[in-house]
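Structure data follow from upload.txt (compact mmCIF, C-alpha atoms):
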# COMPACT_ATOMS: atom_id res chain seq x y z
CA MET A 2 59.36 -138.01 1.85
CA PRO A 3 58.56 -141.70 1.63
CA PHE A 4 61.15 -144.27 2.64
CA ILE A 5 60.70 -147.67 1.03
CA ASN A 6 62.72 -150.68 2.13
CA VAL A 7 62.60 -153.67 -0.22
CA LYS A 8 63.92 -156.91 1.29
CA ILE A 9 64.57 -159.68 -1.24
CA THR A 10 66.79 -162.75 -1.39
CA ASP A 11 70.24 -162.30 -2.97
CA GLU A 12 69.63 -164.55 -5.94
CA ASP A 13 71.46 -162.89 -8.84
CA VAL A 14 69.54 -159.62 -8.81
CA THR A 15 70.88 -157.62 -11.76
CA ASN A 16 71.67 -153.92 -11.77
CA GLU A 17 68.87 -153.39 -14.30
CA GLN A 18 66.42 -155.05 -11.92
CA LYS A 19 67.57 -152.81 -9.07
CA LYS A 20 67.05 -149.74 -11.25
CA ALA A 21 63.56 -150.98 -12.17
CA ILE A 22 62.66 -151.49 -8.50
CA ILE A 23 63.87 -147.99 -7.61
CA LYS A 24 62.02 -146.38 -10.52
CA GLY A 25 58.84 -148.38 -9.92
CA CYS A 26 58.59 -147.66 -6.19
CA THR A 27 59.29 -143.97 -6.71
CA GLN A 28 56.73 -143.70 -9.51
CA LEU A 29 54.15 -145.42 -7.30
CA MET A 30 54.63 -142.77 -4.60
CA VAL A 31 54.20 -140.02 -7.21
CA ASP A 32 51.12 -141.61 -8.80
CA VAL A 33 49.27 -142.66 -5.65
CA LEU A 34 50.31 -140.08 -3.06
CA ASN A 35 51.60 -137.18 -5.18
CA LYS A 36 54.97 -137.35 -3.39
CA THR A 37 58.08 -135.50 -4.54
CA PRO A 38 60.63 -137.84 -6.19
CA SER A 39 63.67 -135.93 -4.89
CA THR A 40 62.75 -136.81 -1.30
CA THR A 41 61.65 -140.38 -2.00
CA PHE A 42 64.22 -142.97 -0.92
CA VAL A 43 64.27 -146.63 -1.91
CA VAL A 44 66.69 -149.00 -0.15
CA ILE A 45 67.06 -152.59 -1.35
CA ASP A 46 68.35 -155.23 1.09
CA GLU A 47 69.61 -158.42 -0.52
CA VAL A 48 69.37 -161.19 2.09
CA ASN A 49 71.33 -164.46 1.88
CA THR A 50 68.96 -167.41 1.36
CA ASP A 51 70.44 -169.08 4.47
CA ASN A 52 69.18 -166.10 6.49
CA TRP A 53 65.58 -166.05 5.24
CA GLY A 54 63.07 -168.52 6.59
CA ILE A 55 59.54 -169.36 5.46
CA GLY A 56 57.40 -172.02 7.12
CA PHE A 57 60.21 -173.36 9.37
CA ASP A 58 62.71 -173.73 6.46
CA GLN A 59 65.58 -171.70 5.07
CA VAL A 60 64.93 -170.48 1.53
CA THR A 61 68.16 -172.31 0.62
CA GLU A 62 66.44 -175.59 1.52
CA LEU A 63 63.19 -174.61 -0.19
CA ARG A 64 65.09 -173.92 -3.43
CA LYS A 65 66.73 -177.37 -3.33
CA LYS A 66 63.36 -179.08 -2.84
CA THR A 67 61.88 -177.15 -5.76
CA MET A 68 64.79 -177.97 -8.07
CA THR A 69 64.58 -181.65 -7.16
CA SER A 70 60.88 -181.76 -7.91
CA ILE A 71 61.48 -180.07 -11.27
CA THR A 72 64.20 -182.44 -12.41
CA GLU A 73 62.26 -185.45 -11.30
CA MET B 20 66.60 -148.77 25.98
CA PRO B 21 66.70 -146.87 22.72
CA PHE B 22 67.53 -148.67 19.49
CA ILE B 23 68.95 -146.45 16.77
CA ASN B 24 69.45 -147.72 13.23
CA VAL B 25 71.61 -145.53 11.00
CA LYS B 26 71.40 -146.36 7.29
CA ILE B 27 74.13 -144.78 5.15
CA THR B 28 75.77 -145.55 1.83
CA ASP B 29 78.94 -147.69 1.95
CA GLU B 30 81.27 -145.00 0.67
CA ASP B 31 84.52 -145.55 2.58
CA VAL B 32 83.13 -145.00 6.07
CA THR B 33 86.12 -145.22 8.42
CA ASN B 34 86.21 -146.97 11.76
CA GLU B 35 86.72 -143.60 13.47
CA GLN B 36 83.54 -142.30 11.80
CA LYS B 37 81.62 -145.35 12.98
CA LYS B 38 82.84 -144.76 16.54
CA ALA B 39 81.78 -141.11 16.31
CA ILE B 40 78.29 -142.07 15.09
CA ILE B 41 77.88 -144.57 17.95
CA LYS B 42 79.12 -142.10 20.57
CA GLY B 43 77.07 -139.23 19.17
CA CYS B 44 73.76 -141.12 18.97
CA THR B 45 74.22 -142.55 22.47
CA GLN B 46 75.11 -139.15 23.94
CA LEU B 47 72.01 -137.66 22.29
CA MET B 48 69.78 -140.22 24.03
CA VAL B 49 71.45 -139.38 27.36
CA ASP B 50 71.23 -135.61 26.89
CA VAL B 51 67.69 -135.38 25.49
CA LEU B 52 65.86 -138.31 27.09
CA ASN B 53 68.06 -139.17 30.09
CA LYS B 54 68.45 -142.74 28.81
CA THR B 55 70.95 -145.24 30.22
CA PRO B 56 73.95 -145.76 27.87
CA SER B 57 74.37 -149.46 28.74
CA THR B 58 70.98 -150.26 27.22
CA THR B 59 71.29 -147.91 24.23
CA PHE B 60 72.06 -149.76 20.98
CA VAL B 61 73.25 -148.18 17.74
CA VAL B 62 73.36 -150.30 14.57
CA ILE B 63 74.92 -148.90 11.39
CA ASP B 64 73.84 -150.36 8.03
CA GLU B 65 76.18 -149.60 5.14
CA VAL B 66 74.16 -149.86 1.93
CA ASN B 67 75.71 -150.35 -1.52
CA THR B 68 75.13 -147.26 -3.70
CA ASP B 69 73.53 -149.53 -6.36
CA ASN B 70 70.88 -150.42 -3.77
CA TRP B 71 69.94 -146.90 -2.68
CA GLY B 72 67.64 -144.81 -4.85
CA ILE B 73 66.72 -141.11 -4.65
CA GLY B 74 64.41 -139.41 -7.13
CA PHE B 75 64.24 -142.40 -9.55
CA ASP B 76 68.05 -142.86 -9.68
CA GLN B 77 70.60 -145.09 -7.99
CA VAL B 78 73.06 -143.15 -5.83
CA THR B 79 75.77 -144.74 -7.99
CA GLU B 80 74.39 -142.82 -10.98
CA LEU B 81 73.91 -139.62 -8.97
CA ARG B 82 77.58 -139.75 -7.89
CA LYS B 83 78.71 -140.06 -11.53
CA LYS B 84 76.61 -137.07 -12.58
CA THR B 85 78.01 -134.98 -9.73
CA MET B 86 81.61 -135.91 -10.58
CA THR B 87 81.06 -135.08 -14.23
CA SER B 88 79.64 -131.67 -13.40
CA ILE B 89 82.61 -130.94 -11.13
CA THR B 90 85.22 -131.85 -13.70
CA GLU B 91 83.46 -129.92 -16.41
CA MET C 16 71.09 -139.39 2.20
CA PRO C 17 71.18 -141.00 5.65
CA PHE C 18 68.05 -142.52 7.11
CA ILE C 19 68.02 -142.72 10.89
CA ASN C 20 65.34 -144.64 12.75
CA VAL C 21 65.14 -143.97 16.49
CA LYS C 22 63.05 -146.47 18.44
CA ILE C 23 62.17 -145.39 21.99
CA THR C 24 59.43 -146.20 24.46
CA ASP C 25 56.34 -143.95 24.41
CA GLU C 26 56.85 -142.49 27.88
CA ASP C 27 55.73 -138.87 27.58
CA VAL C 28 58.23 -137.79 24.95
CA THR C 29 57.66 -134.06 24.45
CA ASN C 30 57.63 -132.23 21.15
CA GLU C 31 60.74 -130.33 22.21
CA GLN C 32 62.54 -133.62 22.82
CA LYS C 33 61.51 -134.88 19.37
CA LYS C 34 62.89 -131.70 17.80
CA ALA C 35 66.15 -132.14 19.72
CA ILE C 36 66.49 -135.75 18.52
CA ILE C 37 65.89 -134.72 14.91
CA LYS C 38 68.35 -131.83 15.10
CA GLY C 39 70.98 -133.87 16.94
CA CYS C 40 70.92 -136.84 14.57
CA THR C 41 71.04 -134.61 11.51
CA GLN C 42 73.91 -132.53 12.92
CA LEU C 43 75.82 -135.74 13.67
CA MET C 44 75.55 -136.81 10.02
CA VAL C 45 76.82 -133.38 8.92
CA ASP C 46 79.70 -133.31 11.41
CA VAL C 47 80.91 -136.90 11.05
CA LEU C 48 80.11 -137.80 7.44
CA ASN C 49 79.68 -134.39 5.78
CA LYS C 50 76.15 -135.36 4.67
CA THR C 51 73.61 -132.93 3.24
CA PRO C 52 70.86 -132.04 5.77
CA SER C 53 68.12 -131.72 3.13
CA THR C 54 68.43 -135.43 2.28
CA THR C 55 68.88 -136.62 5.87
CA PHE C 56 65.73 -138.23 7.30
CA VAL C 57 65.09 -139.01 10.96
CA VAL C 58 62.07 -141.12 11.91
CA ILE C 59 61.13 -141.61 15.57
CA ASP C 60 59.09 -144.69 16.53
CA GLU C 61 57.43 -144.47 19.95
CA VAL C 62 56.82 -148.02 21.15
CA ASN C 63 54.30 -148.95 23.86
CA THR C 64 56.09 -150.27 26.96
CA ASP C 65 53.95 -153.45 26.76
CA ASN C 66 55.52 -154.12 23.34
CA TRP C 67 59.19 -153.70 24.33
CA GLY C 68 60.99 -156.49 26.14
CA ILE C 69 64.40 -156.56 27.82
CA GLY C 70 65.76 -159.64 29.58
CA PHE C 71 62.49 -161.64 29.38
CA ASP C 72 60.33 -158.78 30.78
CA GLN C 73 58.10 -156.09 29.33
CA VAL C 74 59.39 -152.57 30.03
CA THR C 75 55.99 -151.97 31.68
CA GLU C 76 56.91 -154.58 34.30
CA LEU C 77 60.47 -153.28 34.67
CA ARG C 78 59.14 -149.78 35.36
CA LYS C 79 56.84 -151.10 38.14
CA LYS C 80 59.72 -152.96 39.80
CA THR C 81 61.89 -149.84 39.70
CA MET C 82 59.16 -147.65 41.18
CA THR C 83 58.52 -150.16 43.96
CA SER C 84 62.19 -150.29 44.87
CA ILE C 85 62.33 -146.49 45.00
CA THR C 86 59.34 -146.08 47.27
CA GLU C 87 60.46 -148.85 49.58
CA MET D 27 51.65 -163.43 8.34
CA PRO D 28 54.22 -162.44 10.94
CA PHE D 29 57.52 -160.95 9.87
CA ILE D 30 60.36 -161.40 12.35
CA ASN D 31 63.68 -159.64 11.91
CA VAL D 32 66.51 -160.92 14.10
CA LYS D 33 69.55 -158.65 14.26
CA ILE D 34 72.67 -160.26 15.75
CA THR D 35 76.39 -159.69 15.50
CA ASP D 36 78.26 -161.65 12.79
CA GLU D 37 80.36 -163.71 15.18
CA ASP D 38 80.61 -167.14 13.53
CA VAL D 39 76.90 -167.93 13.47
CA THR D 40 76.62 -171.47 12.08
CA ASN D 41 74.07 -172.69 9.57
CA GLU D 42 72.62 -174.98 12.25
CA GLN D 43 72.13 -171.97 14.53
CA LYS D 44 70.37 -170.07 11.74
CA LYS D 45 68.04 -173.03 11.17
CA ALA D 46 67.30 -173.17 14.89
CA ILE D 47 66.47 -169.45 15.00
CA ILE D 48 64.11 -169.78 12.01
CA LYS D 49 62.39 -172.85 13.45
CA GLY D 50 62.14 -171.36 16.96
CA CYS D 51 60.67 -168.03 15.87
CA THR D 52 58.16 -169.71 13.55
CA GLN D 53 57.11 -172.22 16.23
CA LEU D 54 56.62 -169.34 18.69
CA MET D 55 54.19 -167.63 16.29
CA VAL D 56 52.26 -170.91 15.91
CA ASP D 57 52.17 -171.63 19.65
CA VAL D 58 51.37 -168.14 20.93
CA LEU D 59 49.30 -166.58 18.13
CA ASN D 60 48.12 -169.60 16.13
CA LYS D 61 49.74 -168.19 12.98
CA THR D 62 50.21 -170.14 9.75
CA PRO D 63 53.85 -171.23 9.23
CA SER D 64 53.72 -170.89 5.43
CA THR D 65 53.18 -167.12 5.76
CA THR D 66 55.60 -166.60 8.64
CA PHE D 67 58.90 -165.02 7.53
CA VAL D 68 62.08 -164.84 9.58
CA VAL D 69 64.98 -162.70 8.35
CA ILE D 70 68.34 -162.77 10.14
CA ASP D 71 70.67 -159.77 9.80
CA GLU D 72 74.28 -160.44 10.76
CA VAL D 73 75.85 -157.11 11.72
CA ASN D 74 79.62 -156.49 11.79
CA THR D 75 80.79 -155.86 15.37
CA ASP D 76 82.33 -152.54 14.22
CA ASN D 77 78.80 -151.42 13.26
CA TRP D 78 77.04 -152.27 16.54
CA GLY D 79 77.38 -149.98 19.52
CA ILE D 80 76.34 -150.45 23.15
CA GLY D 81 76.97 -147.87 25.83
CA PHE D 82 79.15 -145.60 23.63
CA ASP D 83 81.43 -148.48 22.47
CA GLN D 84 81.64 -150.71 19.40
CA VAL D 85 81.01 -154.37 20.20
CA THR D 86 84.47 -154.99 18.68
CA GLU D 87 85.98 -152.95 21.52
CA LEU D 88 83.75 -154.55 24.16
CA ARG D 89 84.89 -158.02 23.04
CA LYS D 90 88.57 -157.01 23.40
CA LYS D 91 87.98 -155.69 26.93
CA THR D 92 86.20 -158.89 27.93
CA MET D 93 88.98 -161.09 26.56
CA THR D 94 91.61 -159.02 28.35
CA SER D 95 89.77 -159.28 31.66
CA ILE D 96 89.49 -163.06 31.22
CA THR D 97 93.16 -163.58 30.53
CA GLU D 98 94.16 -161.29 33.33
CA MET E 22 59.14 -163.82 -0.74
CA PRO E 23 59.80 -160.10 -0.84
CA PHE E 24 59.01 -157.93 2.17
CA ILE E 25 58.37 -154.28 1.37
CA ASN E 26 58.06 -151.67 4.10
CA VAL E 27 56.65 -148.32 2.99
CA LYS E 28 57.11 -145.50 5.51
CA ILE E 29 55.03 -142.38 4.81
CA THR E 30 53.67 -139.53 6.88
CA ASP E 31 50.15 -139.96 8.32
CA GLU E 32 48.56 -137.18 6.32
CA ASP E 33 45.07 -138.45 5.48
CA VAL E 34 46.12 -141.52 3.52
CA THR E 35 42.88 -143.07 2.24
CA ASN E 36 42.06 -146.76 2.16
CA GLU E 37 42.04 -146.64 -1.65
CA GLN E 38 45.56 -145.22 -1.62
CA LYS E 39 46.70 -148.01 0.71
CA LYS E 40 45.21 -150.60 -1.63
CA ALA E 41 46.99 -148.96 -4.59
CA ILE E 42 50.34 -149.03 -2.76
CA ILE E 43 49.91 -152.72 -1.90
CA LYS E 44 48.89 -153.65 -5.44
CA GLY E 45 51.61 -151.54 -7.04
CA CYS E 46 54.47 -152.87 -4.89
CA THR E 47 53.34 -156.48 -5.37
CA GLN E 48 52.98 -156.05 -9.14
CA LEU E 49 56.48 -154.55 -9.28
CA MET E 50 57.93 -157.65 -7.62
CA VAL E 51 56.08 -159.86 -10.12
CA ASP E 52 57.11 -157.79 -13.17
CA VAL E 53 60.75 -157.16 -12.28
CA LEU E 54 61.76 -160.22 -10.26
CA ASN E 55 59.11 -162.80 -11.21
CA LYS E 56 58.18 -163.21 -7.52
CA THR E 57 55.10 -165.07 -6.29
CA PRO E 58 52.35 -162.68 -5.10
CA SER E 59 51.11 -165.02 -2.34
CA THR E 60 54.45 -164.70 -0.52
CA THR E 61 54.95 -160.98 -1.18
CA PHE E 62 54.21 -158.83 1.87
CA VAL E 63 53.74 -155.06 1.90
CA VAL E 64 53.59 -153.22 5.24
CA ILE E 65 52.73 -149.51 5.35
CA ASP E 66 53.88 -147.47 8.35
CA GLU E 67 52.09 -144.14 8.78
CA VAL E 68 54.39 -141.85 10.78
CA ASN E 69 53.18 -138.76 12.66
CA THR E 70 54.62 -135.59 11.09
CA ASP E 71 56.05 -134.60 14.50
CA ASN E 72 58.14 -137.79 14.38
CA TRP E 73 59.62 -137.33 10.90
CA GLY E 74 62.51 -134.94 10.37
CA ILE E 75 64.10 -133.65 7.17
CA GLY E 76 66.98 -131.19 7.14
CA PHE E 77 66.84 -130.45 10.92
CA ASP E 78 63.06 -129.78 10.92
CA GLN E 79 59.93 -131.75 11.78
CA VAL E 80 57.67 -132.30 8.76
CA THR E 81 54.98 -130.59 10.86
CA GLU E 82 57.03 -127.40 10.77
CA LEU E 83 57.88 -127.79 7.08
CA ARG E 84 54.17 -128.08 6.25
CA LYS E 85 53.41 -124.83 8.15
CA LYS E 86 56.15 -122.96 6.30
CA THR E 87 54.85 -124.21 2.95
CA MET E 88 51.27 -123.21 3.77
CA THR E 89 52.37 -119.76 4.90
CA SER E 90 54.29 -119.18 1.69
CA ILE E 91 51.26 -120.26 -0.35
CA THR E 92 48.81 -117.96 1.40
CA GLU E 93 51.18 -115.03 1.31
CA MET F 8 72.92 -157.98 22.17
CA PRO F 9 70.27 -159.30 19.79
CA PHE F 10 67.48 -157.02 18.63
CA ILE F 11 64.35 -158.83 17.51
CA ASN F 12 61.50 -157.01 15.78
CA VAL F 13 58.23 -158.94 15.54
CA LYS F 14 55.70 -157.46 13.12
CA ILE F 15 52.18 -158.87 13.44
CA THR F 16 48.69 -157.65 12.62
CA ASP F 17 46.82 -155.82 15.39
CA GLU F 18 44.09 -158.42 15.82
CA ASP F 19 43.37 -158.47 19.56
CA VAL F 20 46.82 -159.49 20.71
CA THR F 21 46.56 -159.94 24.49
CA ASN F 22 49.11 -158.80 27.04
CA GLU F 23 49.76 -162.44 27.95
CA GLN F 24 50.56 -163.19 24.31
CA LYS F 25 52.97 -160.24 24.19
CA LYS F 26 54.72 -161.53 27.30
CA ALA F 27 54.98 -164.99 25.73
CA ILE F 28 56.50 -163.57 22.54
CA ILE F 29 59.08 -161.58 24.54
CA LYS F 30 59.99 -164.55 26.73
CA GLY F 31 60.12 -166.97 23.80
CA CYS F 32 62.33 -164.82 21.59
CA THR F 33 64.71 -164.05 24.44
CA GLN F 34 64.93 -167.73 25.47
CA LEU F 35 65.68 -168.66 21.85
CA MET F 36 68.65 -166.28 21.80
CA VAL F 37 69.94 -167.80 25.06
CA ASP F 38 69.45 -171.41 23.92
CA VAL F 39 70.76 -171.11 20.36
CA LEU F 40 73.40 -168.37 20.58
CA ASN F 41 74.20 -168.22 24.30
CA LYS F 42 73.26 -164.52 24.37
CA THR F 43 72.82 -162.48 27.56
CA PRO F 44 69.12 -161.81 28.32
CA SER F 45 69.76 -158.36 29.85
CA THR F 46 70.98 -157.06 26.47
CA THR F 47 68.39 -158.87 24.35
CA PHE F 48 65.62 -156.56 23.13
CA VAL F 49 62.31 -157.63 21.62
CA VAL F 50 60.06 -155.01 20.00
CA ILE F 51 56.56 -155.96 18.81
CA ASP F 52 54.93 -153.85 16.08
CA GLU F 53 51.15 -154.29 15.78
CA VAL F 54 50.17 -153.32 12.24
CA ASN F 55 46.62 -152.37 11.21
CA THR F 56 45.17 -154.97 8.82
CA ASP F 57 44.47 -152.17 6.30
CA ASN F 58 48.22 -151.52 6.19
CA TRP F 59 49.39 -155.12 5.59
CA GLY F 60 49.15 -156.62 2.13
CA ILE F 61 49.65 -160.19 0.95
CA GLY F 62 49.24 -161.28 -2.67
CA PHE F 63 47.79 -157.89 -3.84
CA ASP F 64 45.17 -157.73 -1.05
CA GLN F 65 44.87 -156.01 2.32
CA VAL F 66 44.67 -158.48 5.21
CA THR F 67 41.37 -156.75 6.05
CA GLU F 68 39.96 -158.02 2.75
CA LEU F 69 41.51 -161.48 3.17
CA ARG F 70 39.85 -161.82 6.59
CA LYS F 71 36.42 -160.96 5.11
CA LYS F 72 36.83 -163.55 2.36
CA THR F 73 37.82 -166.20 4.88
CA MET F 74 34.87 -165.43 7.15
CA THR F 75 32.45 -165.55 4.21
CA SER F 76 33.79 -168.91 3.08
CA ILE F 77 33.41 -170.29 6.61
CA THR F 78 29.82 -169.15 7.07
CA GLU F 79 28.81 -170.32 3.63

Mind converting the file's structure to structure tokens?
Amino acid sequence: MPFINVKITDEDVTNEQKKAIIKGCTQLMVDVLNKTPSTTFVVIDEVNTDNWGIGFDQVTELRKKTMTSITE
Amino acid sequence: MPFINVKITDEDVTNEQKKAIIKGCTQLMVDVLNKTPSTTFVVIDEVNTDNWGIGFDQVTELRKKTMTSITE
Amino acid sequence: MPFINVKITDEDVTNEQKKAIIKGCTQLMVDVLNKTPSTTFVVIDEVNTDNWGIGFDQVTELRKKTMTSITE
Amino acid sequence: MPFINVKITDEDVTNEQKKAIIKGCTQLMVDVLNKTPSTTFVVIDEVNTDNWGIGFDQVTELRKKTMTSITE
Amino acid sequence: MPFINVKITDEDVTNEQKKAIIKGCTQLMVDVLNKTPSTTFVVIDEVNTDNWGIGFDQVTELRKKTMTSITE
Amino acid sequence: MPFINVKITDEDVTNEQKKAIIKGCTQLMVDVLNKTPSTTFVVIDEVNTDNWGIGFDQVTELRKKTMTSITE
């Protein structure tokens, strides 16, 4: 009966990627803990980059800095 | 001071249903634990069916399978 | 497939009370949203009163104030 | 490595306010627990007022009552 | 920067199993979303079986029923 | 009505530190969003270092590596 909550930023996550996350997390519970897939839940939260902070900064700002450094 | 987080899929949940969930959860805290309603919070998260997995599959896919089996 | 997380303080919650919370939350999902009980999860988190704050104060402190006012 | 999740209602929170929440929470972890900012995450969830209940009522309803009492 | 919260019941989860869950979830984020491991967090919550309900019942009770049916 | 959940590792967090976290988070909600303290909740989760992973490793292991590098 595991419940797995995956929080990621909402940066163009495709449906195929969501399916892969769901399959991978469920398989991990089966492989490691011998859990039953039918009662294993995976919930993905896509968080706006304005709403996620790391090291004092919004991810939105961190992405801009990274892109600037790449183009320069 | 209970905090209750209800995660459900975002499948046309009506405002009346949301009110009923809030009232029901709060009443349960009063009845079972004698908690004060004014400091009982209920937060409902509506999750896209693409983002909720059960038994390796997205709920979106599970809904399609169920509808197919009904119409057949 | 609802997932309900009930956070309460760890103040002598009995096993009977836990059962009542589980039953009540599950029944609410059945009554209001027509959900299937077998895929409805309820998880109760019992939080130490030192670790829960309301209005600047730990619940531990709030409980002491309340008890003092009662005995006085 | 703290992870701080701030749940608030989605009532016109500005980008400047989000930045201030991220900075304030991160600074608090540095000041109080001597944590490293680069591994301190802050995630803000903005919850629709229909989906947040206090004392049996949706926040949406509570806001209407408050506005009525002010104008009266 | 993913944050993954794995909630499981506290039924003799070994340290090796915890390591495998952490490695597996982190690898999944790298493989599927190309995320950076150093900012991928995995937090495992071990929940007492009295505090986890499925289909109206505590997992504690469900385990007893299963064991009875096996021995009979 | 903010709800703030602070997840940190359980490495000898003192009661004074918990009080400071509760006060700081609540004050931040007042200062930035003009929220009412009496309906601002702060819940601190102390997570065992075996149960928290960063970059494939348990924090328990990361702490050992750091201590070794310091003493060497």

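For chain D, the residues having at least one atom no farther than 8 Å from chain A, when counting all atoms listed in the file, are D:Asn41, D:Lys44, D:Lys45, D:Ile48, D:Lys49, D:Thr52, D:Gln53, D:Thr62, D:Pro63, D:Ser64, D:Thr65, D:Thr66, D:Phe67, D:Val68, D:Val69, D:Ile70, D:Asp71.
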
* Asked: Interatomic distance between CA of Asn31 (chain D) and CA of Ile11 (chain F)?
  -> 5.7 Å

* **CA of Val7 (chain A) to CA of Lys56 (chain E), distance in Å rounded to a single decimal** => 12.8 Å

* Structure fact -> From CA of Met2 (chain A) to CA of Ile23 (chain C) the spacing works out at 21.6 Å

Extending 3 Å beyond the listed atoms of region 29-42 of chain B on each side, what axis-aligned box results? I want centre and edge lengths in Å to one decimal, as AutoDock Vina command-line options.
--center_x 82.3 --center_y -144.4 --center_z 10.6 --size_x 14.8 --size_y 12.6 --size_z 25.9

Could I get chain C fitted onto chain F (least squares, all C-alpha atoms, in order) as a JSON list (two decimals) with C-alpha atoms, in the coordinates of the input?
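Contents of the output file superposed.json:
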[["chain", "number", "residue", "atom", "x", "y", "z"],
["C", 16, "MET", "CA", 72.91, -157.95, 22.20],
["C", 17, "PRO", "CA", 70.26, -159.26, 19.80],
["C", 18, "PHE", "CA", 67.47, -157.01, 18.64],
["C", 19, "ILE", "CA", 64.34, -158.83, 17.52],
["C", 20, "ASN", "CA", 61.51, -157.01, 15.79],
["C", 21, "VAL", "CA", 58.24, -158.94, 15.54],
["C", 22, "LYS", "CA", 55.71, -157.47, 13.11],
["C", 23, "ILE", "CA", 52.18, -158.88, 13.43],
["C", 24, "THR", "CA", 48.70, -157.66, 12.61],
["C", 25, "ASP", "CA", 46.82, -155.83, 15.39],
["C", 26, "GLU", "CA", 44.09, -158.44, 15.81],
["C", 27, "ASP", "CA", 43.36, -158.49, 19.54],
["C", 28, "VAL", "CA", 46.82, -159.51, 20.70],
["C", 29, "THR", "CA", 46.55, -159.94, 24.48],
["C", 30, "ASN", "CA", 49.09, -158.82, 27.03],
["C", 31, "GLU", "CA", 49.75, -162.44, 27.93],
["C", 32, "GLN", "CA", 50.56, -163.20, 24.30],
["C", 33, "LYS", "CA", 52.96, -160.24, 24.17],
["C", 34, "LYS", "CA", 54.72, -161.54, 27.29],
["C", 35, "ALA", "CA", 54.97, -165.00, 25.73],
["C", 36, "ILE", "CA", 56.51, -163.57, 22.54],
["C", 37, "ILE", "CA", 59.06, -161.58, 24.53],
["C", 38, "LYS", "CA", 59.98, -164.55, 26.72],
["C", 39, "GLY", "CA", 60.11, -166.97, 23.80],
["C", 40, "CYS", "CA", 62.33, -164.82, 21.58],
["C", 41, "THR", "CA", 64.71, -164.06, 24.43],
["C", 42, "GLN", "CA", 64.93, -167.73, 25.46],
["C", 43, "LEU", "CA", 65.68, -168.66, 21.85],
["C", 44, "MET", "CA", 68.65, -166.28, 21.79],
["C", 45, "VAL", "CA", 69.93, -167.80, 25.05],
["C", 46, "ASP", "CA", 69.46, -171.40, 23.92],
["C", 47, "VAL", "CA", 70.78, -171.10, 20.36],
["C", 48, "LEU", "CA", 73.41, -168.36, 20.56],
["C", 49, "ASN", "CA", 74.21, -168.22, 24.29],
["C", 50, "LYS", "CA", 73.27, -164.51, 24.37],
["C", 51, "THR", "CA", 72.81, -162.48, 27.54],
["C", 52, "PRO", "CA", 69.11, -161.81, 28.32],
["C", 53, "SER", "CA", 69.75, -158.36, 29.84],
["C", 54, "THR", "CA", 70.99, -157.05, 26.47],
["C", 55, "THR", "CA", 68.38, -158.86, 24.36],
["C", 56, "PHE", "CA", 65.61, -156.54, 23.13],
["C", 57, "VAL", "CA", 62.30, -157.63, 21.61],
["C", 58, "VAL", "CA", 60.05, -155.02, 20.00],
["C", 59, "ILE", "CA", 56.55, -155.96, 18.82],
["C", 60, "ASP", "CA", 54.93, -153.85, 16.08],
["C", 61, "GLU", "CA", 51.16, -154.30, 15.78],
["C", 62, "VAL", "CA", 50.18, -153.33, 12.25],
["C", 63, "ASN", "CA", 46.63, -152.37, 11.21],
["C", 64, "THR", "CA", 45.18, -154.98, 8.82],
["C", 65, "ASP", "CA", 44.47, -152.17, 6.30],
["C", 66, "ASN", "CA", 48.24, -151.51, 6.19],
["C", 67, "TRP", "CA", 49.41, -155.11, 5.59],
["C", 68, "GLY", "CA", 49.18, -156.62, 2.14],
["C", 69, "ILE", "CA", 49.68, -160.20, 0.96],
["C", 70, "GLY", "CA", 49.27, -161.24, -2.68],
["C", 71, "PHE", "CA", 47.83, -157.89, -3.85],
["C", 72, "ASP", "CA", 45.20, -157.72, -1.05],
["C", 73, "GLN", "CA", 44.90, -156.01, 2.31],
["C", 74, "VAL", "CA", 44.69, -158.49, 5.21],
["C", 75, "THR", "CA", 41.39, -156.75, 6.06],
["C", 76, "GLU", "CA", 39.98, -158.02, 2.75],
["C", 77, "LEU", "CA", 41.52, -161.48, 3.17],
["C", 78, "ARG", "CA", 39.87, -161.82, 6.58],
["C", 79, "LYS", "CA", 36.43, -160.96, 5.11],
["C", 80, "LYS", "CA", 36.83, -163.56, 2.35],
["C", 81, "THR", "CA", 37.81, -166.21, 4.89],
["C", 82, "MET", "CA", 34.86, -165.43, 7.15],
["C", 83, "THR", "CA", 32.45, -165.54, 4.22],
["C", 84, "SER", "CA", 33.74, -168.92, 3.12],
["C", 85, "ILE", "CA", 33.34, -170.27, 6.66],
["C", 86, "THR", "CA", 29.77, -169.12, 7.09],
["C", 87, "GLU", "CA", 28.75, -170.34, 3.67]]
